Amino acid sequence: MPTPRRVRLQLDERRKQLLDLGIEVFSTQPYEEISIESLAEAAGISKGLLYHYFRGKREFYVEAIRAASLQLRALTKPNPALPPVERLRAAIDAHLNYLEEHGAVYTAIYRGGLAIAPEVGKVVEEHRQVVLRWFLKSMGIVRPRPVMRMALRAWISMVEGASLDWVSHRELERTELCDLLMAGYFAVLHKAVEIDPKAAAGAPIRPRPRAAK
């Protein structure tokens with residue numbers, strides 16, 4: 001007989017497979033056109049078994065969005081072994097990799113998710129808070145001053161908006177978008193420190209903006 005631990009691992013693996021399916025289906029088909037029956041059929045399981053994992057389509061949707069957010073978070077987590085500038089570029093590059101592969105998923109989360117289920121707003125806000133903490137930790141800041149918190153939140157919103165635009169239009173080269181997001185990050189941080197010199201808590205912020213010619 002399988003051990004309880006093995007059964008648990010099997011259940012966890014099946015749930016992961018269902019969430020991967022949910023991410024794909026919910027990002028490529030209108031929510032209202034998807035039924036529990038069609039989801040179960042796509043998964044190759046009975047509707048009853050699907051209800052064993054999720055109480056309904058809405059919960060399945062929210063958990064699929066959460067799984068997609070966790071995937072993106074895992075891919076873009078800053079590498080502390082890299083110098084600060086290279087660390088930021090690597091994180092942005094990983095983010096753009098995700099957009100190239102899963103642009104439809106990203107759009108589903110940030111454009112339509114909240115309208116379908118308010119719980120998606122909590123998932124998105126949790127993602128933003130994690131990213132915010134990453135940057136504060138890299139600067140050695142435990143309690144950010146208001147201007148620094150607002151500057152970082154503004155940059156995170158910039159990344160979200162630029163990402164949605166890029167997925168829809170692709171009018172910028174990937175390297176150009178990366179440079180734009182890098183420049184935006186340092187610009188808002190320099191302005192935050194200009195407004196409140198104590199905002200950086202002694203952490204160096206580089207590179208400095210070039211003087212206009």
# chains A, B, ... in the order shown; residues from 1 in each chain; ligands from 1

call {"tool": "closest_atom_pairs", "arguments": {"of": "stretch 84-197 of chain A", "to": "stretch 42-58 of chain A", "cutoff": "12 Å", "atoms": "only C-alpha atoms", "output": "Markdown table"}}
result
| residue | atom | partner | partner_atom | distance |
| --- | --- | --- | --- | --- |
| A:Gly113 | CA | A:Arg58 | CA | 10.7 |
| A:Leu114 | CA | A:Arg58 | CA | 11.6 |
| A:Ala115 | CA | A:Arg58 | CA | 11.7 |
| A:Ile116 | CA | A:Arg58 | CA | 8.0 |
| A:Ala117 | CA | A:Arg58 | CA | 7.0 |
| A:Pro118 | CA | A:Arg58 | CA | 10.3 |
| A:Glu119 | CA | A:Arg58 | CA | 9.6 |
| A:Val120 | CA | A:Arg58 | CA | 10.3 |

call {"tool": "closest_residue", "arguments": {"among": "A:Lys16, A:Lys77, A:His95, A:Arg149", "to": "A:Leu177", "atoms": "only C-alpha atoms"}}
result
A:His95

call {"tool": "residues_around", "arguments": {"residues": "stretch 166-172 of chain A", "least_positions_apart": "4", "cutoff": "8 Å", "atoms": "only C-alpha atoms", "output": "list in words"}}
result
Leu99, Glu100, Gly103, Ala104, Thr107, Ala162, Glu176 and Leu177 of chain A

call {"tool": "closest_residue", "arguments": {"among": "A:Pro146, A:Ile92, A:Val105, A:Gly161", "to": "A:Val25", "atoms": "only C-alpha atoms"}}
result
A:Val105

call {"tool": "residues_around", "arguments": {"residues": "A:Ala94", "least_positions_apart": "6", "cutoff": "9 Å", "atoms": "only C-alpha atoms", "output": "ChimeraX atom specification"}}
result
/A:72,75-77

call {"tool": "decode", "arguments": {"residues": "stretch 152-191 of chain A", "atoms": "N, CA and C atoms", "output": "PDB file, in the first residue's frame"}}
result
ATOM      1  N   LEU A 152       9.202  53.088  -5.286  1.00  0.00           N
ATOM      2  CA  LEU A 152       9.289  51.696  -5.703  1.00  0.00           C
ATOM      3  C   LEU A 152       7.941  51.180  -6.199  1.00  0.00           C
ATOM      4  N   ARG A 153       6.869  51.600  -5.514  1.00  0.00           N
ATOM      5  CA  ARG A 153       5.538  51.191  -5.970  1.00  0.00           C
ATOM      6  C   ARG A 153       5.244  51.771  -7.357  1.00  0.00           C
ATOM      7  N   ALA A 154       5.683  52.998  -7.576  1.00  0.00           N
ATOM      8  CA  ALA A 154       5.475  53.627  -8.883  1.00  0.00           C
ATOM      9  C   ALA A 154       6.234  52.877  -9.963  1.00  0.00           C
ATOM     10  N   TRP A 155       7.464  52.432  -9.642  1.00  0.00           N
ATOM     11  CA  TRP A 155       8.239  51.688 -10.641  1.00  0.00           C
ATOM     12  C   TRP A 155       7.599  50.335 -10.938  1.00  0.00           C
ATOM     13  N   ILE A 156       7.091  49.669  -9.909  1.00  0.00           N
ATOM     14  CA  ILE A 156       6.414  48.387 -10.113  1.00  0.00           C
ATOM     15  C   ILE A 156       5.211  48.575 -11.038  1.00  0.00           C
ATOM     16  N   SER A 157       4.467  49.669 -10.847  1.00  0.00           N
ATOM     17  CA  SER A 157       3.331  49.967 -11.733  1.00  0.00           C
ATOM     18  C   SER A 157       3.812  50.239 -13.155  1.00  0.00           C
ATOM     19  N   MET A 158       4.966  50.882 -13.277  1.00  0.00           N
ATOM     20  CA  MET A 158       5.542  51.137 -14.597  1.00  0.00           C
ATOM     21  C   MET A 158       5.855  49.818 -15.306  1.00  0.00           C
ATOM     22  N   VAL A 159       6.437  48.885 -14.567  1.00  0.00           N
ATOM     23  CA  VAL A 159       6.767  47.580 -15.146  1.00  0.00           C
ATOM     24  C   VAL A 159       5.497  46.878 -15.622  1.00  0.00           C
ATOM     25  N   GLU A 160       4.457  46.918 -14.805  1.00  0.00           N
ATOM     26  CA  GLU A 160       3.199  46.264 -15.177  1.00  0.00           C
ATOM     27  C   GLU A 160       2.602  46.891 -16.436  1.00  0.00           C
ATOM     28  N   GLY A 161       2.552  48.212 -16.471  1.00  0.00           N
ATOM     29  CA  GLY A 161       1.971  48.898 -17.624  1.00  0.00           C
ATOM     30  C   GLY A 161       2.778  48.681 -18.886  1.00  0.00           C
ATOM     31  N   ALA A 162       4.101  48.804 -18.783  1.00  0.00           N
ATOM     32  CA  ALA A 162       4.952  48.601 -19.947  1.00  0.00           C
ATOM     33  C   ALA A 162       4.879  47.161 -20.432  1.00  0.00           C
ATOM     34  N   SER A 163       4.771  46.218 -19.497  1.00  0.00           N
ATOM     35  CA  SER A 163       4.689  44.805 -19.863  1.00  0.00           C
ATOM     36  C   SER A 163       3.427  44.513 -20.656  1.00  0.00           C
ATOM     37  N   LEU A 164       2.302  45.044 -20.198  1.00  0.00           N
ATOM     38  CA  LEU A 164       1.035  44.834 -20.906  1.00  0.00           C
ATOM     39  C   LEU A 164       1.082  45.448 -22.303  1.00  0.00           C
ATOM     40  N   ASP A 165       1.673  46.628 -22.410  1.00  0.00           N
ATOM     41  CA  ASP A 165       1.782  47.289 -23.706  1.00  0.00           C
ATOM     42  C   ASP A 165       2.676  46.488 -24.645  1.00  0.00           C
ATOM     43  N   TRP A 166       3.782  45.971 -24.105  1.00  0.00           N
ATOM     44  CA  TRP A 166       4.732  45.221 -24.925  1.00  0.00           C
ATOM     45  C   TRP A 166       4.134  43.904 -25.420  1.00  0.00           C
ATOM     46  N   VAL A 167       3.385  43.240 -24.553  1.00  0.00           N
ATOM     47  CA  VAL A 167       2.724  41.997 -24.960  1.00  0.00           C
ATOM     48  C   VAL A 167       1.745  42.264 -26.095  1.00  0.00           C
ATOM     49  N   SER A 168       1.059  43.414 -26.029  1.00  0.00           N
ATOM     50  CA  SER A 168       0.042  43.739 -27.036  1.00  0.00           C
ATOM     51  C   SER A 168       0.636  44.233 -28.346  1.00  0.00           C
ATOM     52  N   HIS A 169       1.756  44.975 -28.289  1.00  0.00           N
ATOM     53  CA  HIS A 169       2.244  45.654 -29.491  1.00  0.00           C
ATOM     54  C   HIS A 169       3.638  45.237 -29.966  1.00  0.00           C
ATOM     55  N   ARG A 170       4.524  44.938 -29.057  1.00  0.00           N
ATOM     56  CA  ARG A 170       5.901  44.566 -29.417  1.00  0.00           C
ATOM     57  C   ARG A 170       6.550  45.595 -30.354  1.00  0.00           C
ATOM     58  N   GLU A 171       6.347  46.861 -30.075  1.00  0.00           N
ATOM     59  CA  GLU A 171       6.919  47.907 -30.919  1.00  0.00           C
ATOM     60  C   GLU A 171       8.318  48.311 -30.474  1.00  0.00           C
ATOM     61  N   LEU A 172       8.727  47.866 -29.296  1.00  0.00           N
ATOM     62  CA  LEU A 172      10.095  48.102 -28.827  1.00  0.00           C
ATOM     63  C   LEU A 172      10.866  46.792 -28.884  1.00  0.00           C
ATOM     64  N   GLU A 173      12.156  46.910 -29.182  1.00  0.00           N
ATOM     65  CA  GLU A 173      13.009  45.740 -29.068  1.00  0.00           C
ATOM     66  C   GLU A 173      13.127  45.368 -27.590  1.00  0.00           C
ATOM     67  N   ARG A 174      13.372  44.123 -27.345  1.00  0.00           N
ATOM     68  CA  ARG A 174      13.488  43.642 -25.964  1.00  0.00           C
ATOM     69  C   ARG A 174      14.557  44.414 -25.182  1.00  0.00           C
ATOM     70  N   THR A 175      15.708  44.643 -25.806  1.00  0.00           N
ATOM     71  CA  THR A 175      16.785  45.369 -25.129  1.00  0.00           C
ATOM     72  C   THR A 175      16.378  46.808 -24.826  1.00  0.00           C
ATOM     73  N   GLU A 176      15.585  47.390 -25.714  1.00  0.00           N
ATOM     74  CA  GLU A 176      15.121  48.765 -25.488  1.00  0.00           C
ATOM     75  C   GLU A 176      14.172  48.827 -24.296  1.00  0.00           C
ATOM     76  N   LEU A 177      13.290  47.840 -24.190  1.00  0.00           N
ATOM     77  CA  LEU A 177      12.369  47.821 -23.056  1.00  0.00           C
ATOM     78  C   LEU A 177      13.132  47.605 -21.752  1.00  0.00           C
ATOM     79  N   CYS A 178      14.107  46.714 -21.781  1.00  0.00           N
ATOM     80  CA  CYS A 178      14.917  46.488 -20.584  1.00  0.00           C
ATOM     81  C   CYS A 178      15.622  47.769 -20.163  1.00  0.00           C
ATOM     82  N   ASP A 179      16.220  48.478 -21.120  1.00  0.00           N
ATOM     83  CA  ASP A 179      16.903  49.742 -20.820  1.00  0.00           C
ATOM     84  C   ASP A 179      15.926  50.777 -20.262  1.00  0.00           C
ATOM     85  N   LEU A 180      14.719  50.811 -20.827  1.00  0.00           N
ATOM     86  CA  LEU A 180      13.704  51.756 -20.360  1.00  0.00           C
ATOM     87  C   LEU A 180      13.325  51.477 -18.907  1.00  0.00           C
ATOM     88  N   LEU A 181      13.110  50.212 -18.579  1.00  0.00           N
ATOM     89  CA  LEU A 181      12.734  49.854 -17.209  1.00  0.00           C
ATOM     90  C   LEU A 181      13.885  50.099 -16.237  1.00  0.00           C
ATOM     91  N   MET A 182      15.109  49.831 -16.678  1.00  0.00           N
ATOM     92  CA  MET A 182      16.277  50.120 -15.832  1.00  0.00           C
ATOM     93  C   MET A 182      16.381  51.621 -15.559  1.00  0.00           C
ATOM     94  N   ALA A 183      16.226  52.403 -16.617  1.00  0.00           N
ATOM     95  CA  ALA A 183      16.326  53.859 -16.465  1.00  0.00           C
ATOM     96  C   ALA A 183      15.223  54.386 -15.557  1.00  0.00           C
ATOM     97  N   GLY A 184      14.025  53.842 -15.704  1.00  0.00           N
ATOM     98  CA  GLY A 184      12.914  54.265 -14.861  1.00  0.00           C
ATOM     99  C   GLY A 184      13.176  53.968 -13.394  1.00  0.00           C
ATOM    100  N   TYR A 185      13.765  52.827 -13.128  1.00  0.00           N
ATOM    101  CA  TYR A 185      14.060  52.444 -11.747  1.00  0.00           C
ATOM    102  C   TYR A 185      15.016  53.445 -11.097  1.00  0.00           C
ATOM    103  N   PHE A 186      16.121  53.714 -11.771  1.00  0.00           N
ATOM    104  CA  PHE A 186      17.106  54.612 -11.178  1.00  0.00           C
ATOM    105  C   PHE A 186      16.600  56.054 -11.131  1.00  0.00           C
ATOM    106  N   ALA A 187      15.781  56.431 -12.096  1.00  0.00           N
ATOM    107  CA  ALA A 187      15.250  57.798 -12.108  1.00  0.00           C
ATOM    108  C   ALA A 187      14.349  58.058 -10.900  1.00  0.00           C
ATOM    109  N   VAL A 188      13.444  57.116 -10.607  1.00  0.00           N
ATOM    110  CA  VAL A 188      12.531  57.343  -9.476  1.00  0.00           C
ATOM    111  C   VAL A 188      13.285  57.272  -8.154  1.00  0.00           C
ATOM    112  N   LEU A 189      14.311  56.415  -8.079  1.00  0.00           N
ATOM    113  CA  LEU A 189      15.069  56.332  -6.834  1.00  0.00           C
ATOM    114  C   LEU A 189      15.891  57.589  -6.595  1.00  0.00           C
ATOM    115  N   HIS A 190      16.498  58.115  -7.645  1.00  0.00           N
ATOM    116  CA  HIS A 190      17.273  59.349  -7.483  1.00  0.00           C
ATOM    117  C   HIS A 190      16.368  60.514  -7.085  1.00  0.00           C
ATOM    118  N   LYS A 191      15.185  60.570  -7.669  1.00  0.00           N
ATOM    119  CA  LYS A 191      14.255  61.637  -7.307  1.00  0.00           C
ATOM    120  C   LYS A 191      13.780  61.468  -5.863  1.00  0.00           C
TER     121      LYS A 191
END
